[in-house]
Amino acid sequence: MSKSHDELIAELAKLLTKQNYNPVVVANHRLYARAFLDYLAERDMPVATVTPLQVEQYFCHAVQRFRVRYGRSPSPRWHKLPHTAVCKLLRLAQGEWPPVAEIGPDAMPRHAICHEYET
């Protein structure tokens with residue numbers, strides 16, 4: 001049985017707290033993850049089946065919302081913080097993120113090191 005969105009958010013916060021993340025960072029990750037889950041819910045997309053392409057589509061949507069809200073484009077590196085939160089959330093929901101099939105052979109050693117560091 002898949003976890004509810006609230007359960008995933010709580011698990012993400014618990015994981016980040018256990019890893020000694022600053023409470024402000026934990027709160028921001030919760031907000032970014034909630035926005036992503038709301039986006040998925042609006043489109044009837046289960047978090048367990050999200051693909052990298054759908055994550056990319058979400059960030060295009062998020063940039064459009066940013067422009068509407070603030071009247072300008074976000075900074076070029078704006079997506080890095082929400083992207084980290086979304087990837088951590090998807091790792092909790094799917095067990096592994098990004099999917100191994102999506103990782104190129106040149107990036108595989110780096111991915112293995114990063115995965116080992118985060119677990």
# chains A, B, ... in the order shown; residues from 1 in each chain; ligands from 1

$ residues_around --residues "Trp97 in chain A" --least-positions-apart "3" --cutoff "8 Å" --atoms "only C-alpha atoms" --output "count of residues only"
6

$ select_by_dssp --residues "chain A" --states "helix (DSSP H, G or I)" --output "tab-separated table (two decimals) with N, CA and C atoms, in the first residue's frame"
chain	number	residue	atom	x	y	z
A	5	HIS	N	0.12	11.35	1.18
A	5	HIS	CA	1.00	12.50	1.03
A	5	HIS	C	1.47	13.03	2.38
A	6	ASP	N	0.56	13.07	3.35
A	6	ASP	CA	0.94	13.54	4.68
A	6	ASP	C	1.99	12.63	5.31
A	7	GLU	N	1.85	11.33	5.11
A	7	GLU	CA	2.84	10.39	5.65
A	7	GLU	C	4.20	10.59	4.99
A	8	LEU	N	4.21	10.83	3.69
A	8	LEU	CA	5.48	11.08	2.99
A	8	LEU	C	6.14	12.36	3.48
A	9	ILE	N	5.35	13.40	3.66
A	9	ILE	CA	5.90	14.67	4.16
A	9	ILE	C	6.49	14.48	5.57
A	10	ALA	N	5.76	13.78	6.41
A	10	ALA	CA	6.24	13.53	7.78
A	10	ALA	C	7.52	12.69	7.76
A	11	GLU	N	7.56	11.69	6.90
A	11	GLU	CA	8.75	10.84	6.80
A	11	GLU	C	9.94	11.63	6.27
A	12	LEU	N	9.69	12.52	5.32
A	12	LEU	CA	10.76	13.37	4.79
A	12	LEU	C	11.32	14.27	5.90
A	13	ALA	N	10.44	14.90	6.67
A	13	ALA	CA	10.88	15.77	7.76
A	13	ALA	C	11.67	14.98	8.80
A	14	LYS	N	11.20	13.79	9.11
A	14	LYS	CA	11.89	12.95	10.09
A	14	LYS	C	13.29	12.57	9.60
A	15	LEU	N	13.39	12.21	8.32
A	15	LEU	CA	14.68	11.84	7.73
A	15	LEU	C	15.65	13.01	7.77
A	16	LEU	N	15.18	14.17	7.36
A	16	LEU	CA	16.06	15.35	7.34
A	16	LEU	C	16.49	15.75	8.74
A	17	THR	N	15.58	15.66	9.69
A	17	THR	CA	15.91	15.98	11.08
A	17	THR	C	16.95	15.00	11.61
A	18	LYS	N	16.76	13.73	11.30
A	18	LYS	CA	17.71	12.69	11.73
A	18	LYS	C	19.09	12.94	11.14
A	23	PRO	N	16.49	23.24	11.00
A	23	PRO	CA	15.03	23.26	11.02
A	23	PRO	C	14.39	24.12	9.91
A	24	VAL	N	15.05	25.20	9.53
A	24	VAL	CA	14.52	26.04	8.45
A	24	VAL	C	14.57	25.26	7.12
A	25	VAL	N	15.64	24.53	6.88
A	25	VAL	CA	15.77	23.73	5.67
A	25	VAL	C	14.70	22.64	5.66
A	26	VAL	N	14.48	22.01	6.80
A	26	VAL	CA	13.44	20.98	6.90
A	26	VAL	C	12.08	21.57	6.55
A	27	ALA	N	11.79	22.74	7.10
A	27	ALA	CA	10.50	23.40	6.81
A	27	ALA	C	10.37	23.74	5.33
A	28	ASN	N	11.46	24.22	4.73
A	28	ASN	CA	11.42	24.55	3.30
A	28	ASN	C	11.23	23.30	2.45
A	29	HIS	N	11.91	22.22	2.81
A	29	HIS	CA	11.75	20.96	2.07
A	29	HIS	C	10.31	20.48	2.17
A	30	ARG	N	9.72	20.63	3.33
A	30	ARG	CA	8.31	20.23	3.49
A	30	ARG	C	7.41	21.05	2.56
A	31	LEU	N	7.65	22.35	2.47
A	31	LEU	CA	6.85	23.21	1.60
A	31	LEU	C	7.03	22.84	0.13
A	32	TYR	N	8.27	22.62	-0.29
A	32	TYR	CA	8.53	22.25	-1.68
A	32	TYR	C	7.90	20.89	-2.01
A	33	ALA	N	8.03	19.95	-1.09
A	33	ALA	CA	7.46	18.63	-1.32
A	33	ALA	C	5.94	18.70	-1.37
A	34	ARG	N	5.34	19.49	-0.51
A	34	ARG	CA	3.88	19.65	-0.50
A	34	ARG	C	3.40	20.25	-1.82
A	35	ALA	N	4.10	21.26	-2.31
A	35	ALA	CA	3.70	21.88	-3.59
A	35	ALA	C	3.78	20.86	-4.72
A	36	PHE	N	4.80	20.03	-4.72
A	36	PHE	CA	4.95	19.00	-5.75
A	36	PHE	C	3.83	17.97	-5.63
A	37	LEU	N	3.53	17.54	-4.42
A	37	LEU	CA	2.46	16.56	-4.22
A	37	LEU	C	1.10	17.14	-4.60
A	38	ASP	N	0.89	18.41	-4.32
A	38	ASP	CA	-0.36	19.07	-4.74
A	38	ASP	C	-0.48	19.09	-6.26
A	39	TYR	N	0.62	19.38	-6.92
A	39	TYR	CA	0.65	19.37	-8.39
A	39	TYR	C	0.27	17.98	-8.92
A	40	LEU	N	0.84	16.95	-8.32
A	40	LEU	CA	0.52	15.58	-8.74
A	40	LEU	C	-0.95	15.26	-8.50
A	41	ALA	N	-1.46	15.66	-7.35
A	41	ALA	CA	-2.86	15.37	-7.01
A	41	ALA	C	-3.82	16.06	-7.98
A	42	GLU	N	-3.50	17.28	-8.37
A	42	GLU	CA	-4.35	18.01	-9.32
A	42	GLU	C	-4.43	17.30	-10.67
A	47	VAL	N	2.32	9.39	-6.92
A	47	VAL	CA	3.73	9.67	-6.67
A	47	VAL	C	4.60	8.44	-6.92
A	48	ALA	N	4.04	7.27	-6.76
A	48	ALA	CA	4.81	6.03	-6.94
A	48	ALA	C	5.20	5.77	-8.39
A	49	THR	N	4.57	6.48	-9.33
A	49	THR	CA	4.86	6.23	-10.75
A	49	THR	C	5.43	7.44	-11.47
A	52	PRO	N	11.12	11.03	-14.42
A	52	PRO	CA	11.92	12.25	-14.52
A	52	PRO	C	11.30	13.29	-15.46
A	53	LEU	N	10.67	12.86	-16.53
A	53	LEU	CA	10.02	13.80	-17.44
A	53	LEU	C	8.90	14.56	-16.73
A	54	GLN	N	8.14	13.88	-15.89
A	54	GLN	CA	7.06	14.53	-15.15
A	54	GLN	C	7.61	15.52	-14.12
A	55	VAL	N	8.75	15.21	-13.55
A	55	VAL	CA	9.39	16.15	-12.63
A	55	VAL	C	9.81	17.40	-13.40
A	56	GLU	N	10.37	17.20	-14.58
A	56	GLU	CA	10.76	18.34	-15.42
A	56	GLU	C	9.54	19.19	-15.77
A	57	GLN	N	8.43	18.54	-16.09
A	57	GLN	CA	7.20	19.26	-16.41
A	57	GLN	C	6.71	20.06	-15.20
A	58	TYR	N	6.85	19.47	-14.01
A	58	TYR	CA	6.46	20.19	-12.79
A	58	TYR	C	7.28	21.47	-12.64
A	59	PHE	N	8.59	21.40	-12.89
A	59	PHE	CA	9.41	22.59	-12.71
A	59	PHE	C	9.09	23.66	-13.76
A	60	CYS	N	8.71	23.26	-14.95
A	60	CYS	CA	8.24	24.23	-15.94
A	60	CYS	C	6.98	24.93	-15.41
A	61	HIS	N	6.08	24.14	-14.85
A	61	HIS	CA	4.86	24.68	-14.24
A	61	HIS	C	5.20	25.62	-13.08
A	62	ALA	N	6.13	25.22	-12.24
A	62	ALA	CA	6.51	26.02	-11.07
A	62	ALA	C	7.13	27.36	-11.50
A	63	VAL	N	7.92	27.34	-12.56
A	63	VAL	CA	8.52	28.59	-13.06
A	63	VAL	C	7.42	29.52	-13.58
A	64	GLN	N	6.44	28.96	-14.28
A	64	GLN	CA	5.31	29.77	-14.75
A	64	GLN	C	4.55	30.40	-13.59
A	65	ARG	N	4.31	29.61	-12.54
A	65	ARG	CA	3.63	30.14	-11.36
A	65	ARG	C	4.44	31.24	-10.69
A	66	PHE	N	5.76	31.06	-10.64
A	66	PHE	CA	6.65	32.06	-10.06
A	66	PHE	C	6.52	33.37	-10.83
A	67	ARG	N	6.53	33.28	-12.17
A	67	ARG	CA	6.41	34.48	-13.01
A	67	ARG	C	5.09	35.21	-12.77
A	68	VAL	N	4.02	34.45	-12.65
A	68	VAL	CA	2.71	35.06	-12.41
A	68	VAL	C	2.70	35.73	-11.04
A	69	ARG	N	3.24	35.05	-10.06
A	69	ARG	CA	3.20	35.56	-8.69
A	69	ARG	C	4.09	36.78	-8.48
A	70	TYR	N	5.32	36.74	-9.05
A	70	TYR	CA	6.29	37.79	-8.77
A	70	TYR	C	6.57	38.73	-9.95
A	80	LYS	N	17.15	24.56	-7.79
A	80	LYS	CA	17.99	23.57	-7.10
A	80	LYS	C	17.43	23.16	-5.75
A	81	LEU	N	16.94	24.11	-4.96
A	81	LEU	CA	16.40	23.74	-3.65
A	81	LEU	C	15.13	22.90	-3.76
A	82	PRO	N	14.13	23.34	-4.54
A	82	PRO	CA	12.95	22.49	-4.67
A	82	PRO	C	13.28	21.15	-5.32
A	83	HIS	N	14.23	21.14	-6.23
A	83	HIS	CA	14.60	19.89	-6.90
A	83	HIS	C	15.15	18.89	-5.90
A	84	THR	N	15.98	19.35	-4.99
A	84	THR	CA	16.53	18.47	-3.96
A	84	THR	C	15.40	17.89	-3.11
A	85	ALA	N	14.47	18.72	-2.70
A	85	ALA	CA	13.35	18.25	-1.88
A	85	ALA	C	12.50	17.23	-2.64
A	86	VAL	N	12.22	17.50	-3.90
A	86	VAL	CA	11.41	16.58	-4.71
A	86	VAL	C	12.13	15.25	-4.88
A	87	CYS	N	13.43	15.29	-5.14
A	87	CYS	CA	14.18	14.04	-5.31
A	87	CYS	C	14.20	13.22	-4.02
A	88	LYS	N	14.38	13.87	-2.89
A	88	LYS	CA	14.36	13.15	-1.61
A	88	LYS	C	12.97	12.54	-1.37
A	89	LEU	N	11.94	13.30	-1.68
A	89	LEU	CA	10.58	12.80	-1.53
A	89	LEU	C	10.35	11.58	-2.43
A	90	LEU	N	10.77	11.67	-3.67
A	90	LEU	CA	10.57	10.56	-4.60
A	90	LEU	C	11.40	9.34	-4.20
A	91	ARG	N	12.55	9.56	-3.61
A	91	ARG	CA	13.35	8.44	-3.11
A	91	ARG	C	12.60	7.71	-2.00
A	92	LEU	N	11.91	8.47	-1.15
A	92	LEU	CA	11.11	7.84	-0.10
A	92	LEU	C	9.90	7.10	-0.69
A	93	ALA	N	9.26	7.71	-1.68
A	93	ALA	CA	8.04	7.14	-2.25
A	93	ALA	C	8.31	5.94	-3.15
A	94	GLN	N	9.42	5.99	-3.88
A	94	GLN	CA	9.68	4.96	-4.87
A	94	GLN	C	10.82	4.02	-4.49
A	100	VAL	N	17.12	3.91	-11.93
A	100	VAL	CA	18.41	3.44	-12.44
A	100	VAL	C	18.43	3.49	-13.97
A	101	ALA	N	17.32	3.20	-14.60
A	101	ALA	CA	17.26	3.22	-16.07
A	101	ALA	C	17.53	4.61	-16.63
A	102	GLU	N	17.32	5.64	-15.82
A	102	GLU	CA	17.50	7.02	-16.28
A	102	GLU	C	18.92	7.55	-16.06
A	108	MET	N	26.87	6.76	-13.36
A	108	MET	CA	26.59	5.69	-12.40
A	108	MET	C	27.52	5.71	-11.17
A	109	PRO	N	28.84	5.85	-11.32
A	109	PRO	CA	29.69	5.89	-10.11
A	109	PRO	C	29.34	7.05	-9.18
A	110	ARG	N	29.09	8.23	-9.76
A	110	ARG	CA	28.72	9.39	-8.94
A	110	ARG	C	27.40	9.16	-8.22
A	111	HIS	N	26.45	8.56	-8.93
A	111	HIS	CA	25.15	8.28	-8.33
A	111	HIS	C	25.31	7.31	-7.16
A	112	ALA	N	26.13	6.29	-7.33
A	112	ALA	CA	26.33	5.31	-6.26
A	112	ALA	C	26.94	5.97	-5.03
A	113	ILE	N	27.90	6.86	-5.22
A	113	ILE	CA	28.53	7.55	-4.10
A	113	ILE	C	27.53	8.45	-3.39
A	114	CYS	N	26.75	9.20	-4.15
A	114	CYS	CA	25.74	10.09	-3.56
A	114	CYS	C	24.68	9.29	-2.81
A	115	HIS	N	24.25	8.19	-3.39
A	115	HIS	CA	23.24	7.35	-2.74
A	115	HIS	C	23.78	6.79	-1.43
A	116	GLU	N	25.03	6.36	-1.43
A	116	GLU	CA	25.64	5.82	-0.21
A	116	GLU	C	25.74	6.90	0.86
A	117	TYR	N	26.06	8.11	0.45
A	117	TYR	CA	26.19	9.23	1.38
A	117	TYR	C	24.84	9.55	2.04
A	118	GLU	N	23.77	9.48	1.27
A	118	GLU	CA	22.45	9.87	1.77
A	118	GLU	C	21.79	8.81	2.61

$ atom_distance --atom1 "CA of Gly95 in chain A" --atom2 "CA of Pro76 in chain A"
29.4 Å

$ decode --residues "range 17-50 of chain A" --atoms "N, CA and C atoms" --output "CSV table (one decimal), in the first residue's frame"
chain,number,residue,atom,x,y,z
A,17,THR,N,15.6,15.7,9.7
A,17,THR,CA,15.9,16.0,11.1
A,17,THR,C,16.9,15.0,11.6
A,18,LYS,N,16.8,13.7,11.3
A,18,LYS,CA,17.7,12.7,11.7
A,18,LYS,C,19.1,12.9,11.1
A,19,GLN,N,19.1,13.5,9.9
A,19,GLN,CA,20.4,13.8,9.3
A,19,GLN,C,20.9,15.2,9.7
A,20,ASN,N,20.4,15.8,10.7
A,20,ASN,CA,20.8,17.0,11.3
A,20,ASN,C,20.7,18.2,10.4
A,21,TYR,N,19.7,18.2,9.5
A,21,TYR,CA,19.4,19.4,8.7
A,21,TYR,C,18.9,20.5,9.6
A,22,ASN,N,19.2,21.7,9.2
A,22,ASN,CA,18.7,22.9,9.9
A,22,ASN,C,17.2,22.9,9.9
A,23,PRO,N,16.5,23.2,11.0
A,23,PRO,CA,15.0,23.3,11.0
A,23,PRO,C,14.4,24.1,9.9
A,24,VAL,N,15.0,25.2,9.5
A,24,VAL,CA,14.5,26.0,8.4
A,24,VAL,C,14.6,25.3,7.1
A,25,VAL,N,15.6,24.5,6.9
A,25,VAL,CA,15.8,23.7,5.7
A,25,VAL,C,14.7,22.6,5.7
A,26,VAL,N,14.5,22.0,6.8
A,26,VAL,CA,13.4,21.0,6.9
A,26,VAL,C,12.1,21.6,6.5
A,27,ALA,N,11.8,22.7,7.1
A,27,ALA,CA,10.5,23.4,6.8
A,27,ALA,C,10.4,23.7,5.3
A,28,ASN,N,11.5,24.2,4.7
A,28,ASN,CA,11.4,24.6,3.3
A,28,ASN,C,11.2,23.3,2.4
A,29,HIS,N,11.9,22.2,2.8
A,29,HIS,CA,11.7,21.0,2.1
A,29,HIS,C,10.3,20.5,2.2
A,30,ARG,N,9.7,20.6,3.3
A,30,ARG,CA,8.3,20.2,3.5
A,30,ARG,C,7.4,21.0,2.6
A,31,LEU,N,7.6,22.4,2.5
A,31,LEU,CA,6.9,23.2,1.6
A,31,LEU,C,7.0,22.8,0.1
A,32,TYR,N,8.3,22.6,-0.3
A,32,TYR,CA,8.5,22.2,-1.7
A,32,TYR,C,7.9,20.9,-2.0
A,33,ALA,N,8.0,20.0,-1.1
A,33,ALA,CA,7.5,18.6,-1.3
A,33,ALA,C,5.9,18.7,-1.4
A,34,ARG,N,5.3,19.5,-0.5
A,34,ARG,CA,3.9,19.7,-0.5
A,34,ARG,C,3.4,20.3,-1.8
A,35,ALA,N,4.1,21.3,-2.3
A,35,ALA,CA,3.7,21.9,-3.6
A,35,ALA,C,3.8,20.9,-4.7
A,36,PHE,N,4.8,20.0,-4.7
A,36,PHE,CA,4.9,19.0,-5.7
A,36,PHE,C,3.8,18.0,-5.6
A,37,LEU,N,3.5,17.5,-4.4
A,37,LEU,CA,2.5,16.6,-4.2
A,37,LEU,C,1.1,17.1,-4.6
A,38,ASP,N,0.9,18.4,-4.3
A,38,ASP,CA,-0.4,19.1,-4.7
A,38,ASP,C,-0.5,19.1,-6.3
A,39,TYR,N,0.6,19.4,-6.9
A,39,TYR,CA,0.7,19.4,-8.4
A,39,TYR,C,0.3,18.0,-8.9
A,40,LEU,N,0.8,16.9,-8.3
A,40,LEU,CA,0.5,15.6,-8.7
A,40,LEU,C,-1.0,15.3,-8.5
A,41,ALA,N,-1.5,15.7,-7.3
A,41,ALA,CA,-2.9,15.4,-7.0
A,41,ALA,C,-3.8,16.1,-8.0
A,42,GLU,N,-3.5,17.3,-8.4
A,42,GLU,CA,-4.3,18.0,-9.3
A,42,GLU,C,-4.4,17.3,-10.7
A,43,ARG,N,-3.4,16.5,-11.0
A,43,ARG,CA,-3.4,15.8,-12.2
A,43,ARG,C,-3.6,14.3,-12.1
A,44,ASP,N,-4.1,13.9,-10.9
A,44,ASP,CA,-4.3,12.4,-10.7
A,44,ASP,C,-3.1,11.6,-11.0
A,45,MET,N,-1.9,12.0,-10.6
A,45,MET,CA,-0.7,11.3,-10.9
A,45,MET,C,-0.2,10.7,-9.6
A,46,PRO,N,-0.1,9.4,-9.5
A,46,PRO,CA,0.4,8.8,-8.2
A,46,PRO,C,1.9,9.0,-8.1
A,47,VAL,N,2.3,9.4,-6.9
A,47,VAL,CA,3.7,9.7,-6.7
A,47,VAL,C,4.6,8.4,-6.9
A,48,ALA,N,4.0,7.3,-6.8
A,48,ALA,CA,4.8,6.0,-6.9
A,48,ALA,C,5.2,5.8,-8.4
A,49,THR,N,4.6,6.5,-9.3
A,49,THR,CA,4.9,6.2,-10.7
A,49,THR,C,5.4,7.4,-11.5
A,50,VAL,N,5.8,8.5,-10.7
A,50,VAL,CA,6.3,9.7,-11.3
A,50,VAL,C,7.7,9.4,-12.1
